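Chemist: Sharing target_5.cif below, mmCIF, C-alpha atoms and all ligand atoms:
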data_my_file
#
loop_
_atom_site.label_atom_id
_atom_site.label_comp_id
_atom_site.auth_asym_id
_atom_site.auth_seq_id
_atom_site.Cartn_x
_atom_site.Cartn_y
_atom_site.Cartn_z
CA MET A 65 90.68 6.45 331.94
CA THR A 66 89.61 10.10 331.95
CA SER A 67 86.54 11.03 329.92
CA LYS A 68 88.26 14.22 328.76
CA LEU A 69 90.27 15.05 325.67
CA LYS A 70 92.26 18.28 325.65
CA ILE A 71 91.91 20.18 322.39
CA ALA A 72 93.93 23.18 321.19
CA LEU A 73 92.67 25.60 318.54
CA ILE A 74 95.37 27.66 316.85
CA GLN A 75 94.34 31.10 315.64
CA PHE A 76 97.21 31.50 313.24
CA LEU A 77 98.61 34.70 311.72
CA GLY A 78 99.73 33.79 308.21
CA SER A 79 101.92 35.60 305.73
CA SER A 80 102.54 35.34 302.00
CA SER A 81 105.55 33.05 302.59
CA LYS A 82 104.52 29.41 302.57
CA GLN A 83 107.79 28.33 304.16
CA GLN A 84 107.44 30.87 306.95
CA ASN A 85 103.85 29.76 307.54
CA ILE A 86 104.88 26.12 307.83
CA THR A 87 107.70 26.92 310.25
CA ARG A 88 105.44 29.07 312.45
CA ALA A 89 102.59 26.54 312.42
CA CYS A 90 104.97 23.81 313.57
CA GLU A 91 106.21 26.03 316.42
CA LEU A 92 102.64 26.66 317.57
CA ILE A 93 101.74 22.97 317.30
CA ARG A 94 104.73 22.09 319.50
CA GLN A 95 103.67 24.76 322.00
CA ALA A 96 100.10 23.41 322.16
CA ALA A 97 101.37 19.84 322.58
CA SER A 98 103.71 20.89 325.38
CA ASN A 99 100.66 22.39 327.12
CA GLY A 100 99.00 18.97 327.10
CA ALA A 101 96.75 19.11 324.03
CA ARG A 102 96.14 15.75 322.32
CA LEU A 103 94.05 17.12 319.45
CA ILE A 104 95.34 20.25 317.72
CA VAL A 105 93.58 22.15 314.95
CA LEU A 106 94.75 24.80 312.45
CA PRO A 107 92.48 27.22 310.51
CA GLU A 108 91.26 27.31 306.93
CA ILE A 109 93.89 28.07 304.21
CA TRP A 110 96.72 28.90 306.61
CA ASN A 111 99.76 28.15 304.40
CA SER A 112 98.65 30.69 301.77
CA PRO A 113 96.82 34.01 301.73
CA TYR A 114 93.07 33.38 301.39
CA GLY A 115 91.89 34.46 297.94
CA VAL A 116 90.88 32.90 294.65
CA LYS A 117 93.97 34.31 292.89
CA TYR A 118 96.33 32.50 295.30
CA PHE A 119 94.92 28.97 295.31
CA SER A 120 96.70 27.63 292.23
CA GLN A 121 100.08 29.15 293.15
CA TYR A 122 100.09 27.65 296.66
CA ALA A 123 98.35 24.36 295.86
CA GLU A 124 100.02 21.03 296.65
CA THR A 125 99.33 17.42 295.98
CA ILE A 126 98.44 15.23 298.93
CA PRO A 127 100.32 13.49 300.52
CA SER A 128 103.56 14.43 298.73
CA GLY A 129 103.35 18.23 299.18
CA GLU A 130 105.70 20.05 301.54
CA THR A 131 102.97 21.29 303.89
CA VAL A 132 101.46 17.84 304.31
CA GLN A 133 104.87 16.27 304.91
CA ALA A 134 105.69 18.90 307.54
CA LEU A 135 102.35 18.36 309.30
CA SER A 136 102.89 14.63 309.39
CA THR A 137 106.32 15.11 310.98
CA CYS A 138 104.87 17.58 313.51
CA ALA A 139 102.10 15.18 314.54
CA ARG A 140 104.62 12.35 315.01
CA GLN A 141 107.21 14.41 316.88
CA SER A 142 104.59 15.90 319.20
CA ASN A 143 102.64 12.62 319.51
CA ILE A 144 99.28 14.29 318.88
CA TYR A 145 96.25 14.09 316.59
CA LEU A 146 96.48 16.95 314.14
CA VAL A 147 93.79 18.48 311.96
CA GLY A 148 95.82 20.51 309.50
CA GLY A 149 93.21 23.23 308.98
CA SER A 150 92.93 23.40 305.23
CA ILE A 151 95.25 24.10 302.32
CA PRO A 152 94.73 24.49 298.57
CA GLU A 153 95.05 20.96 297.13
CA ARG A 154 95.88 20.05 293.53
CA ASP A 155 94.54 16.76 292.21
CA GLY A 156 95.02 16.39 288.44
CA ASP A 157 93.55 19.50 286.85
CA LYS A 158 91.33 20.29 289.83
CA LEU A 159 91.88 22.36 292.97
CA TYR A 160 90.16 21.78 296.31
CA ASN A 161 90.04 23.42 299.74
CA THR A 162 91.23 20.42 301.73
CA SER A 163 91.80 19.43 305.32
CA THR A 164 94.30 16.71 306.25
CA VAL A 165 94.16 14.67 309.47
CA PHE A 166 97.11 12.86 311.10
CA ASP A 167 97.42 10.43 313.97
CA PRO A 168 100.22 10.56 316.60
CA ASN A 169 102.41 8.37 314.35
CA GLY A 170 102.16 10.98 311.62
CA LYS A 171 99.94 8.71 309.54
CA LEU A 172 97.51 10.54 307.25
CA LEU A 173 94.11 9.29 308.44
CA GLY A 174 92.26 10.96 305.61
CA ILE A 175 91.20 14.18 303.98
CA TYR A 176 88.08 16.33 303.87
CA ARG A 177 87.41 18.57 300.86
CA LYS A 178 85.15 21.57 301.45
CA ILE A 179 81.71 20.56 300.18
CA HIS A 180 79.97 23.96 300.05
CA LEU A 181 82.09 26.51 298.23
CA PHE A 182 82.02 30.11 299.43
CA ASP A 183 80.26 32.06 296.68
CA ILE A 184 78.65 35.25 297.96
CA ASP A 185 78.03 38.79 296.78
CA ILE A 186 77.16 41.50 299.30
CA PRO A 187 77.39 44.74 297.29
CA GLY A 188 79.81 47.28 298.72
CA LYS A 189 81.02 44.78 301.33
CA ILE A 190 82.32 41.48 300.05
CA THR A 191 82.22 39.44 296.85
CA PHE A 192 83.95 36.08 296.88
CA LYS A 193 83.64 33.19 294.46
CA GLU A 194 85.62 30.13 295.46
CA SER A 195 84.00 28.18 292.63
CA ASP A 196 85.97 30.31 290.12
CA ALA A 197 89.02 28.27 291.16
CA LEU A 198 87.94 25.33 293.30
CA SER A 199 85.91 22.17 292.88
CA PRO A 200 83.61 21.03 295.68
CA GLY A 201 84.25 17.93 297.79
CA GLN A 202 81.85 15.01 297.65
CA GLN A 203 82.40 13.15 300.93
CA LEU A 204 82.07 13.51 304.67
CA PHE A 205 85.03 12.56 306.84
CA THR A 206 85.16 11.34 310.43
CA PHE A 207 87.93 9.90 312.59
CA ASP A 208 88.07 8.34 316.05
CA ILE A 209 90.40 9.02 318.96
CA ASP A 210 90.89 6.24 321.55
CA GLU A 211 87.79 4.51 320.13
CA LYS A 212 85.91 7.01 322.25
CA TYR A 213 85.73 10.41 320.61
CA ARG A 214 84.34 10.67 317.09
CA VAL A 215 85.26 13.84 315.24
CA GLY A 216 83.59 15.15 312.04
CA LEU A 217 84.97 17.79 309.71
CA GLY A 218 83.53 20.70 307.76
CA ILE A 219 85.23 23.81 306.39
CA CYS A 220 84.00 27.36 306.98
CA TYR A 221 80.98 27.99 304.69
CA ASP A 222 79.92 24.37 305.41
CA LEU A 223 78.94 25.67 308.86
CA ARG A 224 75.92 27.36 307.29
CA PHE A 225 74.41 24.03 306.20
CA PRO A 226 72.65 22.28 309.11
CA SER A 227 72.03 19.13 307.05
CA LEU A 228 75.75 18.42 306.83
CA ALA A 229 76.05 18.62 310.62
CA THR A 230 72.98 16.37 310.95
CA LEU A 231 74.67 13.75 308.78
CA TYR A 232 77.65 13.85 311.16
CA SER A 233 75.26 13.52 314.09
CA GLN A 234 73.77 10.43 312.45
CA ARG A 235 77.33 9.07 312.29
CA GLN A 236 77.56 9.40 316.09
CA CYS A 237 80.07 12.27 316.19
CA HIS A 238 80.85 14.02 319.48
CA VAL A 239 82.86 16.87 318.02
CA LEU A 240 82.53 18.94 314.84
CA LEU A 241 85.55 20.92 313.70
CA TYR A 242 85.21 23.77 311.22
CA PRO A 243 88.51 25.31 310.19
CA GLY A 244 87.13 28.60 308.89
CA ALA A 245 87.81 32.16 307.83
CA PHE A 246 84.66 34.22 308.22
CA ASN A 247 85.11 37.86 307.30
CA THR A 248 84.46 41.16 309.02
CA THR A 249 81.07 41.58 307.29
CA THR A 250 79.44 38.22 308.02
CA GLY A 251 81.55 37.23 311.03
CA PRO A 252 80.14 39.64 313.63
CA PRO A 253 76.46 38.74 313.08
CA HIS A 254 76.79 35.05 312.13
CA TRP A 255 79.98 33.24 313.23
CA GLU A 256 79.29 32.57 316.90
CA LEU A 257 75.55 32.20 316.29
CA LEU A 258 76.19 29.47 313.70
CA LEU A 259 78.72 27.63 315.87
CA ARG A 260 76.33 27.67 318.83
CA SER A 261 73.41 26.64 316.62
CA ARG A 262 75.23 23.59 315.22
CA ALA A 263 76.29 22.63 318.77
CA LEU A 264 72.74 22.91 320.03
CA ASP A 265 71.10 21.24 317.00
CA ASN A 266 73.28 18.20 317.49
CA GLN A 267 74.29 18.33 321.18
CA MET A 268 77.94 18.20 320.21
CA TYR A 269 81.14 20.09 320.84
CA VAL A 270 81.69 22.47 317.92
CA ALA A 271 84.85 24.45 317.18
CA GLY A 272 85.49 27.13 314.56
CA ILE A 273 89.20 27.76 313.97
CA SER A 274 90.14 30.95 312.13
CA PRO A 275 93.20 32.78 310.89
CA ALA A 276 94.11 35.80 313.03
CA HIS A 277 92.98 39.17 311.68
CA ASP A 278 95.51 40.93 309.44
CA GLU A 279 94.62 44.49 308.49
CA GLN A 280 97.11 44.33 305.56
CA ALA A 281 95.62 41.16 304.03
CA ASP A 282 93.27 41.25 301.00
CA TYR A 283 90.78 39.14 302.93
CA LYS A 284 89.95 40.43 306.39
CA SER A 285 89.38 37.47 308.69
CA TRP A 286 86.93 37.93 311.55
CA ALA A 287 89.20 35.63 313.59
CA HIS A 288 87.35 34.86 316.89
CA THR A 289 88.27 31.17 317.01
CA THR A 290 85.64 29.63 319.29
CA LEU A 291 84.88 26.39 321.15
CA VAL A 292 81.25 25.62 322.08
CA ASP A 293 79.96 22.80 324.29
CA PRO A 294 76.89 20.57 323.66
CA TRP A 295 74.72 22.91 325.78
CA GLY A 296 75.50 25.72 323.32
CA THR A 297 77.75 27.53 325.77
CA VAL A 298 80.90 29.24 324.52
CA MET A 299 83.74 27.60 326.47
CA SER A 300 86.57 29.66 325.10
CA LYS A 301 87.18 32.21 322.35
CA CYS A 302 89.88 34.41 320.85
CA GLU A 303 89.72 38.03 319.83
CA MET A 304 91.60 39.16 316.69
CA ASN A 305 95.25 38.29 317.35
CA GLU A 306 97.30 35.14 317.01
CA GLU A 307 96.55 32.93 320.00
CA ILE A 308 96.01 29.32 321.06
CA ILE A 309 92.93 28.43 323.08
CA TYR A 310 92.30 25.16 324.90
CA GLY A 311 89.33 23.21 326.16
CA ASP A 312 88.32 19.75 327.33
CA ILE A 313 86.03 17.53 325.30
CA ASP A 314 84.13 15.67 328.01
CA ILE A 315 82.00 12.70 326.95
CA GLU A 316 80.31 12.47 330.36
CA HIS A 317 79.18 16.10 330.07
CA LEU A 318 77.88 15.42 326.53
CA ASN A 319 76.04 12.25 327.63
CA ALA A 320 74.51 14.00 330.65
CA ILE A 321 73.10 16.76 328.41
CA ARG A 322 71.75 14.25 325.89
CA LYS A 323 70.05 12.36 328.73
CA GLN A 324 68.54 15.46 330.35
CA LEU A 325 67.31 16.91 327.05
CA PRO A 326 66.78 13.82 324.86
CA TYR A 327 65.58 15.60 321.73
CA LEU A 328 68.04 13.85 319.42
CA SER A 329 66.24 10.56 320.11
CA GLN A 330 62.81 12.21 319.98
CA GLN A 331 62.99 13.18 316.32
CA ARG A 332 59.96 12.10 314.28
CA ASN A 333 61.85 10.08 311.71
CA ASP A 334 58.50 8.58 310.73
CA MET A 335 57.55 12.09 309.48
CA TYR A 336 60.84 13.49 308.15
CA THR A 337 64.30 12.15 307.38
CA LEU A 338 67.39 13.63 305.85
CA ASN A 339 67.85 12.10 302.43
CA LYS A 340 71.54 11.25 302.10
CA LYS A 341 72.70 10.89 298.53
CA LYS A 342 76.45 10.69 297.96
CA ALA A 343 77.89 11.44 301.37
CA GLU A 344 79.43 8.06 302.14
CA LYS A 345 81.97 7.56 304.98
N1 LIG A 401 85.90 30.86 303.87
C1 LIG A 401 84.60 30.85 303.95
O1 LIG A 401 83.96 29.88 303.58
C2 LIG A 401 83.97 32.08 304.50
C3 LIG A 401 82.54 31.89 304.90
C4 LIG A 401 81.92 33.15 305.38
O2 LIG A 401 82.58 34.13 305.64
C5 LIG A 401 80.46 33.15 305.54
O3 LIG A 401 79.93 34.22 305.84
O4 LIG A 401 79.83 32.13 305.36
#
Give the structure from the file, written as structure tokens.
Modeler:
Amino acid sequence: MTSKLKIALIQFLGSSSKQQNITRACELIRQAASNGARLIVLPEIWNSPYGVKYFSQYAETIPSGETVQALSTCARQSNIYLVGGSIPERDGDKLYNTSTVFDPNGKLLGIYRKIHLFDIDIPGKITFKESDALSPGQQLFTFDIDEKYRVGLGICYDLRFPSLATLYSQRQCHVLLYPGAFNTTTGPPHWELLLRSRALDNQMYVAGISPAHDEQADYKSWAHTTLVDPWGTVMSKCEMNEEIIYGDIDIEHLNAIRKQLPYLSQQRNDMYTLNKKKAEK
């Protein structure tokens, strides 16, 4: 069996119509599957505009919501693993920024709720406070493909927290996926640097999957969906427009790098360890 897994990252151009977004996402998923991808990933908050004022209006319960049902059908019809980016989720009186993951039978393998909420204030540039509307997640999430590739999930701002990626490394992940939506202030200096840093810290494949840039939108996405290999090399990246990029996750390449540069196994755990508290699973 090949040691490679073809992944497709969909840089999606959303609109304010949830139904239109679902229809377009399904078209792009089918296109990526017909090009041979077995793992397909959407960006952060793709079925709704990205903004605190929109989360409640577009939120759905999981798994009964229309977006989740459509993604499940798409995964089954295209026979692929699907990471449904993220959507606003309603659970009781709380809202979350939540990613759903499906297997090729359309079965919901699990969810990941964004752990680190995006609360920043850069005067004159961007102020955003997800915590005005959302609650933070409390759990990591991983899933396996072919009992060979272990994938861990974070969402956007989570990328800035190396400890979260380290916890995934300790869970033997090979790939970290960050559906994200960096902006045009922080994206240019930080997005690629952070993706490459997390890849290098952990000798893993790391992907950041963004919405396409829309000059008319309230929130200006930096776009630049990117796939990085365990050497820290950018394998593929988008510019601003809607696009699908592809790459191979190659376990032999990952193992060769970990053997040549064995720093993951050279950590001085007798001197320092990451103190996990609640992050089970
Ligand atoms: N959606 C987000 O979490 C945005 C994160 C971001 O732009 C950053 O600079 O961090």
Chemist: Axis-aligned box over every listed atom of stretch 191-198 of chain A, padded by 3 Å per side: centre and edges in Å to one decimal, as AutoDock Vina command-line options?
Modeler:
--center_x 85.6 --center_y 32.4 --center_z 293.5 --size_x 12.8 --size_y 20.1 --size_z 12.8
Chemist: Which residues, written as a PDB file with C-alpha atoms, keeping the file's coordinate frame, have at least one atom at most 6 Å from A:Met304, with only C-alpha atoms counted and residues fewer than 4 positions away on the same chain left out?
Modeler:
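Printed below is result30.pdb as written:
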ATOM      1  CA  ALA A 276      94.110  35.800 313.030  1.00  0.00           C
ATOM      2  CA  HIS A 277      92.980  39.170 311.680  1.00  0.00           C
ATOM      3  CA  ALA A 287      89.200  35.630 313.590  1.00  0.00           C
TER       4      ALA A 287
END
Chemist: Quick one: residues within 8 Å of stretch 94-97 of chain A, only C-alpha atoms counted, chain neighbours fewer than 5 positions away excluded, as a list of chain:residue names?
Modeler: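 Surrounding residues, per the criterion: A:Ala72, A:Arg102, A:Ile104, A:Cys138, A:Ser142, A:Asn143, A:Ile144, A:Ile308.
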Chemist: So how many Å separate atom CA of A:Ser81 and atom CA of A:Leu146, to one decimal?
Modeler: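 Between these atoms lies a distance of 21.8 Å.
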Chemist: Show me which residues sit within 7 Å of ligand LIG 401 (chain A) when counting only C-alpha atoms and all ligand atoms, and put them as a list in words.
Modeler: Leu181, Phe182, Ile219, Cys220, Tyr221, Arg224, Gly244, Ala245, Phe246, Asn247, Thr250 and Gly251 of chain A
Chemist: Find the residues near A:Gly296: any atom within 10 Å, counting all atoms listed in the file, skip ones fewer than 3 places away on the same chain, and give them as a PyMOL selection string.
Modeler: chain A and resi 257+259-270+291-293+299
Chemist: Restricting the calculation to all atoms listed in the file, which member of A:Asn161, A:Gln331, A:Ser80, A:Asn319 is positioned closest to A:Lys178?
Modeler: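 Of the candidates, the smallest distance to A:Lys178 is held by A:Asn161.
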Chemist: Pick out the residues sitting within 9 Å of A:Arg322, and hand them over as a ChimeraX atom specification; count all atoms listed in the file, and ignore anything fewer than 6 positions along from it in its own chain.
Modeler: /A:267,294,328-329
Chemist: For the atom pair atom CA of A:Ala101 and atom CA of A:Val147, what is the interatomic distance in Å to one decimal place?
Modeler: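 These atoms are spaced 12.4 Å apart.
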Chemist: Identify, on the basis of all atoms listed in the file, every residue whose closest approach to A:Tyr145 does not exceed 7 Å; exclude the query and any residue fewer than 3 positions from it along the same chain; express the result as a JSON list (two decimals) with C-alpha atoms, in the coordinates of the input.
Modeler:
[["chain", "number", "residue", "atom", "x", "y", "z"],
["A", 102, "ARG", "CA", 96.14, 15.75, 322.32],
["A", 103, "LEU", "CA", 94.05, 17.12, 319.45],
["A", 104, "ILE", "CA", 95.34, 20.25, 317.72],
["A", 139, "ALA", "CA", 102.10, 15.18, 314.54],
["A", 166, "PHE", "CA", 97.11, 12.86, 311.10],
["A", 167, "ASP", "CA", 97.42, 10.43, 313.97],
["A", 168, "PRO", "CA", 100.22, 10.56, 316.60]]
Chemist: Would you please work out which residue, of A:Phe192, A:Leu135, A:Lys341, A:Gln141, is nearest to A:Leu204 when using only C-alpha atoms?
Modeler: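 Of A:Phe192, A:Leu135, A:Lys341, A:Gln141, the one nearest A:Leu204, counting only C-alpha atoms, is A:Lys341.
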Chemist: Kindly indicate which residue among A:Leu217, A:Leu159, A:Val132, A:Leu228 lies nearest to A:Ser195, using all atoms listed in the file for the distances.
Modeler: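 The closest residue to A:Ser195 is A:Leu159.
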Chemist: What gap, in Å, lies between atom CA of A:Gly148 and atom CA of A:Asn169?
Modeler: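 Separation between atom CA of A:Gly148 and atom CA of A:Asn169: 14.6 Å.
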Chemist: Ranking A:Ala197, A:Ile126, A:Ile184, A:Val105 by minimum distance to A:Gly149 and counting all atoms listed in the file, which one comes first?
Modeler: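 Of A:Ala197, A:Ile126, A:Ile184, A:Val105, the one nearest A:Gly149 is A:Val105, counting all atoms listed in the file.
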Chemist: Using only C-alpha atoms, pick whichever of A:Ile186, A:Leu318, A:Asn111, A:Ile175 has the shortest atom-to-atom distance to A:Cys237.
Modeler: A:Leu318
Chemist: Dump as JSON, numbers by chain all residues having an atom at most 8 Å from (84.3, 18.4, 299.6), computed in the file's coordinates with all atoms listed in the file.
Modeler: {"A": [160, 161, 162, 176, 177, 178, 179, 180, 199, 200, 201, 202, 203, 204]}
Chemist: Point out the residue among A:Lys301, A:Lys158, A:Arg235, A:Lys70 with the least atom-to-atom distance to A:Thr206, counting only C-alpha atoms.
Modeler: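 Closest to A:Thr206 of all the choices is A:Arg235.
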